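File shown: model_28.cif (mmCIF, C-alpha atoms and all ligand atoms).
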data_structure
#
loop_
_atom_site.group_PDB
_atom_site.id
_atom_site.type_symbol
_atom_site.label_atom_id
_atom_site.label_comp_id
_atom_site.auth_asym_id
_atom_site.auth_seq_id
_atom_site.Cartn_x
_atom_site.Cartn_y
_atom_site.Cartn_z
ATOM 1 C CA MET A 1 90.562 88.750 11.028
ATOM 2 C CA ARG A 2 89.077 86.363 13.546
ATOM 3 C CA ASN A 3 91.343 85.799 16.486
ATOM 4 C CA ASN A 4 92.100 82.084 16.358
ATOM 5 C CA ASN A 5 94.103 82.241 19.557
ATOM 6 C CA SER A 6 91.436 83.290 21.980
ATOM 7 C CA SER A 7 88.541 80.934 22.578
ATOM 8 C CA GLU A 8 86.790 83.500 24.806
ATOM 9 C CA SER A 9 86.163 85.787 21.871
ATOM 10 C CA ILE A 10 84.203 83.165 19.899
ATOM 11 C CA ASP A 11 80.589 82.438 20.677
ATOM 12 C CA PHE A 12 79.957 78.679 20.576
ATOM 13 C CA SER A 13 76.427 78.821 21.952
ATOM 14 C CA HIS A 14 74.984 77.915 18.533
ATOM 15 C CA MET A 15 77.223 74.830 18.226
ATOM 16 C CA HIS A 16 76.284 71.506 19.777
ATOM 17 C CA LEU A 17 77.867 68.209 20.598
ATOM 18 C CA VAL A 18 77.932 66.191 17.417
ATOM 19 C CA SER A 19 75.315 63.432 17.200
ATOM 20 C CA PRO A 20 76.505 59.972 18.301
ATOM 21 C CA LEU A 21 75.216 58.734 14.940
ATOM 22 C CA ILE A 22 77.957 60.724 13.274
ATOM 23 C CA THR A 23 80.669 59.916 15.798
ATOM 24 C CA PRO A 24 80.333 56.485 17.382
ATOM 25 C CA SER A 25 83.116 56.758 19.923
ATOM 26 C CA ARG A 26 85.572 53.881 19.893
ATOM 27 C CA VAL A 27 87.701 55.462 22.549
ATOM 28 C CA PRO A 28 87.175 53.674 25.863
ATOM 29 C CA SER A 29 87.980 56.527 28.218
ATOM 30 C CA THR A 30 85.368 59.152 29.012
ATOM 31 C CA PRO A 31 86.009 62.741 28.020
ATOM 32 C CA VAL A 32 87.978 64.586 30.664
ATOM 33 C CA PRO A 33 87.395 68.333 30.940
ATOM 34 C CA VAL A 34 90.550 70.159 30.002
ATOM 35 C CA THR A 35 91.931 72.580 32.515
ATOM 36 C CA LEU A 36 93.836 75.596 31.338
ATOM 37 C CA SER A 37 97.209 74.683 32.694
ATOM 38 C CA THR A 38 98.523 71.818 34.732
ATOM 39 C CA THR A 39 102.059 70.867 35.580
ATOM 40 C CA GLY A 40 104.070 68.436 37.636
ATOM 41 C CA GLU A 41 102.265 66.280 40.160
ATOM 42 C CA GLU A 42 98.817 67.398 39.047
ATOM 43 C CA ALA A 43 99.572 66.408 35.460
ATOM 44 C CA ARG A 44 100.967 63.082 36.588
ATOM 45 C CA LYS A 45 97.822 62.294 38.596
ATOM 46 C CA ARG A 46 95.510 63.252 35.778
ATOM 47 C CA GLU A 47 97.463 61.207 33.268
ATOM 48 C CA MET A 48 97.580 58.189 35.573
ATOM 49 C CA GLN A 49 93.820 58.419 36.033
ATOM 50 C CA ARG A 50 93.271 58.487 32.297
ATOM 51 C CA GLN A 51 95.540 55.522 31.667
ATOM 52 C CA HIS A 52 93.705 52.437 32.768
ATOM 53 C CA LEU A 53 96.525 49.999 32.178
ATOM 54 C CA PRO A 54 97.528 48.567 35.550
ATOM 55 C CA GLU A 55 100.921 47.485 34.245
ATOM 56 C CA LEU A 56 103.141 48.149 31.260
ATOM 57 C CA PRO A 57 102.071 46.464 28.026
ATOM 58 C CA GLN A 58 104.220 43.585 26.833
ATOM 59 C CA VAL A 59 106.112 44.558 23.711
ATOM 60 C CA THR A 60 108.255 42.416 21.430
ATOM 61 C CA CYS A 61 110.503 43.734 18.708
ATOM 62 C CA LEU A 62 109.858 41.639 15.588
ATOM 63 C CA ALA A 63 112.535 43.048 13.319
ATOM 64 C CA ARG A 64 115.120 45.787 12.981
ATOM 65 C CA ALA A 65 116.791 47.125 9.870
ATOM 66 C CA ARG A 66 119.314 49.814 9.017
ATOM 67 C CA ILE A 67 117.891 52.648 6.957
ATOM 68 C CA PRO A 68 120.328 55.077 5.355
ATOM 69 C CA THR A 69 118.657 58.493 5.359
ATOM 70 C CA THR A 70 118.798 61.573 3.179
ATOM 71 C CA HIS A 71 120.112 63.501 6.230
ATOM 72 C CA GLY A 72 123.283 61.406 6.260
ATOM 73 C CA ALA A 73 122.729 59.595 9.572
ATOM 74 C CA ASP A 74 121.774 55.918 9.448
ATOM 75 C CA ILE A 75 118.790 54.913 11.527
ATOM 76 C CA PHE A 76 117.728 51.509 12.792
ATOM 77 C CA LEU A 77 114.018 51.044 12.380
ATOM 78 C CA HIS A 78 112.474 48.680 14.967
ATOM 79 C CA ILE A 79 109.003 47.266 14.520
ATOM 80 C CA TYR A 80 107.039 46.119 17.562
ATOM 81 C CA GLU A 81 104.045 43.991 18.387
ATOM 82 C CA ASN A 82 102.247 44.226 21.734
ATOM 83 C CA ASN A 83 99.460 42.724 23.812
ATOM 84 C CA VAL A 84 97.268 45.854 23.948
ATOM 85 C CA ASP A 85 96.409 46.687 20.346
ATOM 86 C CA ASN A 86 97.078 45.170 16.938
ATOM 87 C CA LYS A 87 99.039 48.102 15.555
ATOM 88 C CA GLU A 88 102.685 47.977 14.541
ATOM 89 C CA HIS A 89 104.334 50.653 16.638
ATOM 90 C CA LEU A 90 107.865 51.672 15.729
ATOM 91 C CA ALA A 91 111.094 52.869 17.244
ATOM 92 C CA ILE A 92 113.349 54.967 15.038
ATOM 93 C CA VAL A 93 116.720 54.431 16.682
ATOM 94 C CA PHE A 94 119.861 56.498 16.151
ATOM 95 C CA GLY A 95 122.891 54.491 17.288
ATOM 96 C CA GLU A 96 123.810 50.933 16.323
ATOM 97 C CA ASP A 97 124.540 50.042 19.961
ATOM 98 C CA ILE A 98 121.034 50.722 21.324
ATOM 99 C CA ARG A 99 119.763 47.141 21.546
ATOM 100 C CA SER A 100 116.269 45.774 21.998
ATOM 101 C CA ARG A 101 116.195 43.067 24.672
ATOM 102 C CA SER A 102 113.310 41.217 23.035
ATOM 103 C CA LEU A 103 114.896 41.317 19.578
ATOM 104 C CA PHE A 104 118.356 40.193 20.649
ATOM 105 C CA LYS A 105 117.160 37.404 22.952
ATOM 106 C CA HIS A 106 118.291 34.041 21.562
ATOM 107 C CA ARG A 107 115.334 31.964 20.399
ATOM 108 C CA PRO A 108 115.402 28.171 20.454
ATOM 109 C CA HIS A 109 116.782 26.521 17.329
ATOM 110 C CA GLU A 110 117.397 29.722 15.400
ATOM 111 C CA SER A 111 120.445 30.001 13.168
ATOM 112 C CA GLN A 112 122.855 32.908 12.899
ATOM 113 C CA GLN A 113 121.283 33.718 9.536
ATOM 114 C CA ASP A 114 117.833 33.788 11.197
ATOM 115 C CA ARG A 115 119.204 36.316 13.660
ATOM 116 C CA MET A 116 120.685 38.506 10.939
ATOM 117 C CA THR A 117 117.373 38.337 9.064
ATOM 118 C CA ARG A 118 115.502 39.561 12.157
ATOM 119 C CA GLY A 119 118.105 42.306 12.597
ATOM 120 C CA ALA A 120 119.594 40.827 15.793
ATOM 121 C CA TYR A 121 123.210 41.402 14.783
ATOM 122 C CA ILE A 122 126.111 43.572 15.932
ATOM 123 C CA GLY A 123 127.895 45.982 13.574
ATOM 124 C CA ARG A 124 126.973 46.039 9.901
ATOM 125 C CA LEU A 125 125.683 43.407 7.511
ATOM 126 C CA PHE A 126 127.693 42.759 4.361
ATOM 127 C CA PRO A 127 127.472 40.187 1.577
ATOM 128 C CA GLY A 128 128.825 36.867 2.783
ATOM 129 C CA ARG A 129 128.569 37.570 6.523
ATOM 130 C CA THR A 130 127.711 34.383 8.444
ATOM 131 C CA VAL A 131 127.777 35.277 12.155
ATOM 132 C CA ALA A 132 125.231 37.605 13.774
ATOM 133 C CA ASP A 133 126.627 37.765 17.311
ATOM 134 C CA GLU A 134 130.143 38.988 16.442
ATOM 135 C CA ASP A 135 131.216 41.755 14.088
ATOM 136 C CA ASN A 136 134.328 41.784 11.898
ATOM 137 C CA GLU A 137 136.177 43.950 14.440
ATOM 138 C CA GLY A 138 135.968 41.270 17.127
ATOM 139 C CA ASN A 139 133.125 42.880 19.133
ATOM 140 C CA LYS A 140 131.045 40.036 20.473
ATOM 141 C CA LEU A 141 127.610 39.900 22.068
ATOM 142 C CA GLU A 142 127.312 37.805 25.221
ATOM 143 C CA PHE A 143 124.183 36.000 26.361
ATOM 144 C CA GLU A 144 122.775 34.666 29.622
ATOM 145 C CA GLU A 145 121.891 30.972 29.890
ATOM 146 C CA ASN A 146 118.230 31.732 29.179
ATOM 147 C CA GLY A 147 119.148 33.524 25.943
ATOM 148 C CA ASP A 148 118.890 37.093 27.262
ATOM 149 C CA LEU A 149 121.447 39.575 25.996
ATOM 150 C CA LYS A 150 124.061 40.391 28.634
ATOM 151 C CA ILE A 151 124.335 44.117 29.051
ATOM 152 C CA ASP A 152 127.948 44.759 28.206
ATOM 153 C CA TYR A 153 128.880 48.403 27.842
ATOM 154 C CA LYS A 154 131.477 47.624 25.178
ATOM 155 C CA THR A 155 128.746 46.481 22.830
ATOM 156 C CA THR A 156 125.550 47.936 24.291
ATOM 157 C CA TYR A 157 124.671 51.586 24.781
ATOM 158 C CA SER A 158 125.290 52.840 28.296
ATOM 159 C CA THR A 159 122.747 55.254 29.718
ATOM 160 C CA ALA A 160 125.435 57.142 31.662
ATOM 161 C CA ASP A 161 124.765 59.896 29.120
ATOM 162 C CA PRO A 162 121.015 59.576 28.574
ATOM 163 C CA ALA A 163 119.872 59.467 24.966
ATOM 164 C CA ILE A 164 117.435 62.023 23.591
ATOM 165 C CA VAL A 165 113.969 60.560 23.128
ATOM 166 C CA ARG A 166 110.965 61.900 21.299
ATOM 167 C CA ILE A 167 107.516 60.352 21.482
ATOM 168 C CA HIS A 168 105.790 60.952 18.169
ATOM 169 C CA SER A 169 102.245 60.001 17.285
ATOM 170 C CA GLU A 170 101.414 59.179 13.701
ATOM 171 C CA CYS A 171 99.968 62.098 11.757
ATOM 172 C CA TYR A 172 99.122 61.185 8.181
ATOM 173 C CA THR A 173 98.045 64.706 7.282
ATOM 174 C CA GLY A 174 101.086 66.456 8.735
ATOM 175 C CA GLU A 175 103.724 63.944 7.650
ATOM 176 C CA THR A 176 102.447 62.812 4.258
ATOM 177 C CA ALA A 177 99.791 65.228 3.020
ATOM 178 C CA TRP A 178 101.815 68.436 3.690
ATOM 179 C CA SER A 179 99.188 69.694 6.168
ATOM 180 C CA ALA A 180 99.801 73.086 7.734
ATOM 181 C CA ARG A 181 97.087 72.483 10.333
ATOM 182 C CA CYS A 182 99.707 71.082 12.679
ATOM 183 C CA ASP A 183 103.464 70.968 13.058
ATOM 184 C CA CYS A 184 103.900 67.165 13.269
ATOM 185 C CA GLY A 185 105.917 66.813 10.046
ATOM 186 C CA GLU A 186 108.228 69.619 11.028
ATOM 187 C CA GLN A 187 108.653 68.236 14.552
ATOM 188 C CA LEU A 188 109.509 64.772 13.259
ATOM 189 C CA ASP A 189 112.125 66.268 10.929
ATOM 190 C CA GLU A 190 113.580 68.407 13.694
ATOM 191 C CA ALA A 191 113.740 65.487 16.152
ATOM 192 C CA GLY A 192 115.581 63.437 13.518
ATOM 193 C CA ARG A 193 118.005 66.260 12.870
ATOM 194 C CA ILE A 194 118.794 66.695 16.597
ATOM 195 C CA MET A 195 119.298 62.951 17.162
ATOM 196 C CA GLY A 196 121.373 62.524 14.022
ATOM 197 C CA GLU A 197 123.707 65.243 15.304
ATOM 198 C CA ALA A 198 123.838 63.747 18.814
ATOM 199 C CA GLY A 199 124.627 60.277 17.436
ATOM 200 C CA HIS A 200 122.214 58.599 19.848
ATOM 201 C CA GLY A 201 118.481 58.904 20.231
ATOM 202 C CA CYS A 202 115.139 57.297 19.706
ATOM 203 C CA ILE A 203 111.869 58.453 18.237
ATOM 204 C CA VAL A 204 109.093 56.177 19.470
ATOM 205 C CA TYR A 205 106.558 56.356 16.671
ATOM 206 C CA LEU A 206 103.119 55.395 17.951
ATOM 207 C CA ARG A 207 100.316 54.594 15.535
ATOM 208 C CA GLN A 208 97.754 56.742 17.267
ATOM 209 C CA GLU A 209 96.551 59.062 14.555
ATOM 210 C CA GLY A 210 94.758 62.280 15.492
ATOM 211 C CA ARG A 211 95.674 62.235 19.191
ATOM 212 C CA GLY A 212 94.330 58.702 19.326
ATOM 213 C CA ILE A 213 90.901 59.213 17.716
ATOM 214 C CA GLY A 214 91.835 57.939 14.260
ATOM 215 C CA LEU A 215 92.033 59.637 10.874
ATOM 216 C CA GLY A 216 88.288 59.656 10.159
ATOM 217 C CA GLU A 217 87.444 61.391 13.411
ATOM 218 C CA LYS A 218 90.354 63.777 12.918
ATOM 219 C CA LEU A 219 88.907 64.884 9.578
ATOM 220 C CA LYS A 220 85.550 65.589 11.274
ATOM 221 C CA ALA A 221 87.407 67.595 13.926
ATOM 222 C CA TYR A 222 89.032 69.618 11.136
ATOM 223 C CA ASN A 223 85.599 70.504 9.789
ATOM 224 C CA LEU A 224 84.546 71.657 13.260
ATOM 225 C CA GLN A 225 87.711 73.731 13.404
ATOM 226 C CA ASP A 226 86.786 75.337 10.100
ATOM 227 C CA LEU A 227 83.442 76.124 11.752
ATOM 228 C CA GLY A 228 85.272 77.990 14.511
ATOM 229 C CA ALA A 229 86.250 75.464 17.191
ATOM 230 C CA ASP A 230 89.829 75.084 18.350
ATOM 231 C CA THR A 231 91.535 71.661 18.431
ATOM 232 C CA VAL A 232 90.475 70.918 22.008
ATOM 233 C CA GLN A 233 86.866 72.079 21.550
ATOM 234 C CA ALA A 234 86.526 70.081 18.326
ATOM 235 C CA ASN A 235 87.505 66.830 20.042
ATOM 236 C CA LEU A 236 85.156 67.480 22.949
ATOM 237 C CA MET A 237 82.274 68.236 20.568
ATOM 238 C CA LEU A 238 82.911 64.853 18.936
ATOM 239 C CA ARG A 239 82.657 63.237 22.388
ATOM 240 C CA HIS A 240 86.334 62.354 22.402
ATOM 241 C CA PRO A 241 88.805 63.317 25.092
ATOM 242 C CA ALA A 242 90.951 66.323 24.154
ATOM 243 C CA ASP A 243 93.767 63.800 23.959
ATOM 244 C CA ALA A 244 93.029 60.061 23.740
ATOM 245 C CA ARG A 245 96.611 58.886 23.389
ATOM 246 C CA LEU A 246 98.160 56.273 25.631
ATOM 247 C CA PHE A 247 101.862 56.543 26.203
ATOM 248 C CA SER A 248 102.466 53.351 28.192
ATOM 249 C CA LEU A 249 103.373 51.584 24.939
ATOM 250 C CA ALA A 250 106.170 54.105 24.551
ATOM 251 C CA THR A 251 107.338 53.426 28.107
ATOM 252 C CA ALA A 252 107.418 49.673 27.414
ATOM 253 C CA ILE A 253 109.348 50.170 24.160
ATOM 254 C CA LEU A 254 111.921 52.403 25.887
ATOM 255 C CA VAL A 255 112.434 49.805 28.634
ATOM 256 C CA ASP A 256 112.894 47.133 25.946
ATOM 257 C CA LEU A 257 115.560 49.301 24.300
ATOM 258 C CA GLY A 258 117.388 49.797 27.606
ATOM 259 C CA LEU A 259 116.579 53.524 27.500
ATOM 260 C CA GLU A 260 115.504 53.857 31.116
ATOM 261 C CA ASP A 261 117.122 57.240 31.729
ATOM 262 C CA ILE A 262 116.310 59.651 28.964
ATOM 263 C CA LYS A 263 116.302 63.265 27.900
ATOM 264 C CA LEU A 264 112.817 63.901 26.604
ATOM 265 C CA LEU A 265 112.368 66.210 23.635
ATOM 266 C CA THR A 266 108.982 67.783 24.324
ATOM 267 C CA ASN A 267 107.060 70.871 25.345
ATOM 268 C CA ASN A 268 104.212 68.855 26.837
ATOM 269 C CA PRO A 269 104.359 68.432 30.625
ATOM 270 C CA ASP A 270 101.746 65.644 30.505
ATOM 271 C CA LYS A 271 104.088 63.626 28.306
ATOM 272 C CA ILE A 272 106.857 63.619 30.917
ATOM 273 C CA ALA A 273 104.562 62.091 33.527
ATOM 274 C CA ALA A 274 102.958 59.720 31.033
ATOM 275 C CA VAL A 275 106.184 58.385 29.549
ATOM 276 C CA GLU A 276 107.810 57.782 32.914
ATOM 277 C CA GLY A 277 105.064 55.274 33.669
ATOM 278 C CA ARG A 278 103.151 54.386 36.795
ATOM 279 C CA GLU A 279 106.193 52.897 38.537
ATOM 280 C CA ARG A 280 108.655 55.317 36.912
ATOM 281 C CA GLN A 281 110.088 52.505 34.813
ATOM 282 C CA VAL A 282 111.601 55.281 32.683
ATOM 283 C CA ARG A 283 113.131 58.415 34.205
ATOM 284 C CA VAL A 284 113.247 61.741 32.404
ATOM 285 C CA THR A 285 116.490 63.321 33.605
ATOM 286 C CA GLU A 286 116.116 66.388 31.434
ATOM 287 C CA ARG A 287 113.507 68.026 29.239
ATOM 288 C CA VAL A 288 114.807 69.316 25.928
ATOM 289 C CA PRO A 289 112.419 71.933 24.512
ATOM 290 C CA MET A 290 111.177 71.649 20.961
ATOM 291 C CA VAL A 291 111.079 75.141 19.494
ATOM 292 C CA PRO A 292 108.868 75.506 16.407
ATOM 293 C CA LEU A 293 111.159 76.474 13.521
ATOM 294 C CA GLY A 294 108.850 79.325 12.565
ATOM 295 C CA TRP A 295 109.363 80.833 16.011
ATOM 296 C CA SER A 296 113.103 80.432 16.300
ATOM 297 C CA LYS A 297 115.349 83.293 15.274
ATOM 298 C CA GLY A 298 115.711 83.264 11.519
ATOM 299 C CA GLY A 299 113.580 80.135 11.484
ATOM 300 C CA LYS A 300 112.452 78.663 8.205
ATOM 301 C CA GLY A 301 109.402 76.839 9.520
ATOM 302 C CA ILE A 302 105.879 77.152 8.210
ATOM 303 C CA LYS A 303 104.128 80.359 9.234
ATOM 304 C CA LEU A 304 100.426 80.154 8.639
ATOM 305 C CA LYS A 305 97.547 81.319 10.759
ATOM 306 C CA GLU A 306 96.300 77.730 11.073
ATOM 307 C CA ILE A 307 99.521 76.594 12.677
ATOM 308 C CA GLU A 308 99.716 79.673 14.911
ATOM 309 C CA GLY A 309 96.231 78.850 16.196
ATOM 310 C CA TYR A 310 97.130 75.188 16.684
ATOM 311 C CA LEU A 311 100.264 76.025 18.646
ATOM 312 C CA SER A 312 98.470 78.666 20.712
ATOM 313 C CA THR A 313 95.839 76.069 21.654
ATOM 314 C CA LYS A 314 98.610 73.710 22.738
ATOM 315 C CA ILE A 315 100.011 76.424 24.995
ATOM 316 C CA GLU A 316 96.825 77.973 26.337
ATOM 317 C CA ARG A 317 94.539 74.959 26.630
ATOM 318 C CA MET A 318 96.886 72.022 27.154
ATOM 319 C CA GLY A 319 99.560 73.574 29.347
ATOM 320 C CA HIS A 320 102.452 73.212 26.936
ATOM 321 C CA LEU A 321 105.666 74.822 28.085
ATOM 322 C CA LEU A 322 106.388 77.182 25.249
ATOM 323 C CA GLU A 323 106.778 80.910 25.130
ATOM 324 C CA LYS A 324 104.981 82.541 22.250
ATOM 325 C CA PRO A 325 107.267 84.687 20.121
ATOM 326 C CA ILE A 326 106.881 88.421 20.168
ATOM 327 C CA HIS A 327 105.923 89.389 16.674
ATOM 328 C CA THR A 328 107.332 92.617 15.312
HETATM 329 ZN ZN ZN B 401 99.697 66.470 13.048
#

Is it possible to express this structure as structure tokens?
Ligand SMILES: [Zn+2]
Amino acid sequence: MRNNNSSESIDFSHMHLVSPLITPSRVPSTPVPVTLSTTGEEARKREMQRQHLPELPQVTCLARARIPTTHGADIFLHIYENNVDNKEHLAIVFGEDIRSRSLFKHRPHESQQDRMTRGAYIGRLFPGRTVADEDNEGNKLEFEENGDLKIDYKTTYSTADPAIVRIHSECYTGETAWSARCDCGEQLDEAGRIMGEAGHGCIVYLRQEGRGIGLGEKLKAYNLQDLGADTVQANLMLRHPADARLFSLATAILVDLGLEDIKLLTNNPDKIAAVEGRERQVRVTERVPMVPLGWSKGGKGIKLKEIEGYLSTKIERMGHLLEKPIHT
């Protein structure tokens, strides 16, 4: 069997960069050569260089709604607009008391029903409820003169015990089409399970399919992978960076949610530096590792050679902080 895990053993001399006619690059940044392993300050510098946004994007939460889930825990889904792209990025929030500043801000001339319709209410909605800013147990939201929500720890989540945060990038194939080429679906499920148990948490769900290159380009990369390239090589052959994602939208969304001190659920050292932002607007106080279910003891996760190769590439080529399991 071909060893998917070791790029050195495969001869790529017969494979070329894909013609620009096939892959017109829409990604603004130029491809950055991927080093084998970077951590800490080096990773931060590299990530800052790649991100060309001089300041955090402006994000506004348009609406929030409670979603009962099949796991048992309710989530509050927040939908955002921003001034950088025209995609609707999301925050999947565990905990009723994690409040978006932009959503809860009082807007001129809006009624209490308007606020409930946008999702800017405390507690739970029920038929006949008329007031958004006070629940039926007497908990009341307070506002500054300019309409900003006052941060009151009785009604708003305190970051004394930082919430667990996961930054997740949209993956149509892994989440919807049952793909075993990656572990995105499994990771999303696992993040939800962990946060549901903790009672507080937030999955920032960014619409940057295929590490930011889009679904069409991702499918071409899959064909190159079937021709022998690994995930990093495939992107480079398509003239895309190994990873074209921008995480400053996630930073801005976390700041909006008041989640400035967080525990980050990730194995990716670049993500810690990227999510904290240029001015460290968000601080990662702890990294919580994400262990693939297939690797954990008695794990029930998917075990296919495709996913083993994908995870090995993450570790060997992108400096992810995971120990490979010892197979018996
Ligand atoms: Zn995926």

For range 271-276 of chain A, list every protein, DNA or RNA residue within 7 Å, evaluated using all atoms listed in the file, and leave out those in the same chain fewer than 2 positions away; present the list as number ranges by chain.
A: 43-44, 47, 247-248, 250-251, 268-269, 278, 280-284

Restricting it to C-alpha atoms, dump the selection as a PDB file, in the frame of the given file.
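Contents of the output file again_28.pdb:
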ATOM      1  CA  ALA A  43      99.572  66.408  35.460  1.00  0.00           C
ATOM      2  CA  ARG A  44     100.967  63.082  36.588  1.00  0.00           C
ATOM      3  CA  GLU A  47      97.463  61.207  33.268  1.00  0.00           C
ATOM      4  CA  PHE A 247     101.862  56.543  26.203  1.00  0.00           C
ATOM      5  CA  SER A 248     102.466  53.351  28.192  1.00  0.00           C
ATOM      6  CA  ALA A 250     106.170  54.105  24.551  1.00  0.00           C
ATOM      7  CA  THR A 251     107.338  53.426  28.107  1.00  0.00           C
ATOM      8  CA  ASN A 268     104.212  68.855  26.837  1.00  0.00           C
ATOM      9  CA  PRO A 269     104.359  68.432  30.625  1.00  0.00           C
ATOM     10  CA  ARG A 278     103.151  54.386  36.795  1.00  0.00           C
ATOM     11  CA  ARG A 280     108.655  55.317  36.912  1.00  0.00           C
ATOM     12  CA  GLN A 281     110.088  52.505  34.813  1.00  0.00           C
ATOM     13  CA  VAL A 282     111.601  55.281  32.683  1.00  0.00           C
ATOM     14  CA  ARG A 283     113.131  58.415  34.205  1.00  0.00           C
ATOM     15  CA  VAL A 284     113.247  61.741  32.404  1.00  0.00           C
TER      16      VAL A 284
END

Between chain A and ligand ZN 401 (chain B), at 9 Å or less, what are the per-residue closest atom pairs and their distances in Å? Count all atoms listed in the file, order by chain and rising residue number, and return it as a tab-separated table.
residue	atom	partner	partner_atom	distance
A:Ser169	CA	B:ZN401	ZN	8.1
A:Glu170	CA	B:ZN401	ZN	7.5
A:Cys171	CA	B:ZN401	ZN	4.6
A:Tyr172	CA	B:ZN401	ZN	7.2
A:Thr173	CA	B:ZN401	ZN	6.3
A:Gly174	CA	B:ZN401	ZN	4.5
A:Glu175	CA	B:ZN401	ZN	7.2
A:Ser179	CA	B:ZN401	ZN	7.6
A:Ala180	CA	B:ZN401	ZN	8.5
A:Arg181	CA	B:ZN401	ZN	7.1
A:Cys182	CA	B:ZN401	ZN	4.6
A:Asp183	CA	B:ZN401	ZN	5.9
A:Cys184	CA	B:ZN401	ZN	4.3
A:Gly185	CA	B:ZN401	ZN	6.9
A:Glu209	CA	B:ZN401	ZN	8.2
A:Gly210	CA	B:ZN401	ZN	6.9
A:Arg211	CA	B:ZN401	ZN	8.5

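Residues lying at most 12 Å from (120.9, 66.7, 34.2) in file coordinates, with only C-alpha atoms considered, are Ala160, Asp161, Pro162, Ala163, Asp261, Ile262, Lys263, Leu264, Arg283, Val284, Thr285, Glu286, Arg287 and Val288 of chain A.
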
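Using only C-alpha atoms, the nearest neighbour of Glu55 in chain A within the list A:Ala221, A:Ile67, A:Val84, A:Ala198 is A:Val84.
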
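Among the candidate residues A:Ser19, A:Ser111, A:Thr159, A:Thr313, the one lying nearest to Leu254 in chain A is A:Thr159, with distances computed using all atoms listed in the file.
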
Hey, could you make a per-residue contact list for range 162-274 of chain A against range 92-106 of chain A with 6 Å as the cut-off, showing the nearest pair of atoms and its distance in Å to one decimal, counting only C-alpha atoms, sorted by chain and number, as a tab-separated table?
residue	atom	partner	partner_atom	distance
A:His200	CA	A:Phe94	CA	4.9
A:Gly201	CA	A:Phe94	CA	4.9
A:Cys202	CA	A:Val93	CA	4.5
A:Ile203	CA	A:Ile92	CA	5.0
A:Asp256	CA	A:Ser100	CA	5.4
A:Leu257	CA	A:Ser100	CA	4.3

Print the selection's residues with C-alpha atoms to a file, as a CSV table (one decimal), keeping the file's coordinate frame.
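File produced: selection_12.csv:
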chain,number,residue,atom,x,y,z
A,200,HIS,CA,122.2,58.6,19.8
A,201,GLY,CA,118.5,58.9,20.2
A,202,CYS,CA,115.1,57.3,19.7
A,203,ILE,CA,111.9,58.5,18.2
A,256,ASP,CA,112.9,47.1,25.9
A,257,LEU,CA,115.6,49.3,24.3

re CA of Phe76 in chain A and CA of Gly119 in chain A: distance 9.2 Å

So which residues touch Leu77 in chain A within 6 Å, counting all atoms listed in the file, skipping near sequence neighbours fewer than 5 positions away, as a tab-separated table (two decimals) with C-alpha atoms, in the frame of the given file?
chain	number	residue	atom	x	y	z
A	64	ARG	CA	115.12	45.79	12.98
A	65	ALA	CA	116.79	47.12	9.87
A	91	ALA	CA	111.09	52.87	17.24
A	92	ILE	CA	113.35	54.97	15.04

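Counting all atoms listed in the file, the residue from A:Ala177, A:Asn136, A:Tyr80, A:Ala120 that sits nearest to Leu149 in chain A is A:Ala120.
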
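Distances to Pro289 in chain A were evaluated for A:Asp114, A:Asp85, A:Glu190, A:Glu217 using all atoms listed in the file, and the minimum falls at A:Glu190.
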
What does the PyMOL selection byres (((chain A and resi 193) around 12) and not hetatm) select in this file, as an MDAnalysis selection string? chainID A and resid 69:75 94 164 166 186:192 194:203 290

Min atom-atom distance to Gly258 in chain A from the set A:Leu246, A:Leu56, A:Ile151, A:Leu17, counting only C-alpha atoms, belongs to A:Ile151

Residues returned when the PyMOL selection byres (((chain A and resi 142) around 12) and not hetatm) runs on this file, as JSON, numbers by chain:
{"A": [104, 105, 106, 121, 122, 132, 133, 134, 139, 140, 141, 143, 144, 145, 146, 147, 148, 149, 150, 151, 152, 153, 154, 155, 156]}

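Computed from the coordinates, the CA of Asn235 in chain A to CA of Ile213 in chain A distance equals 8.7 Å.
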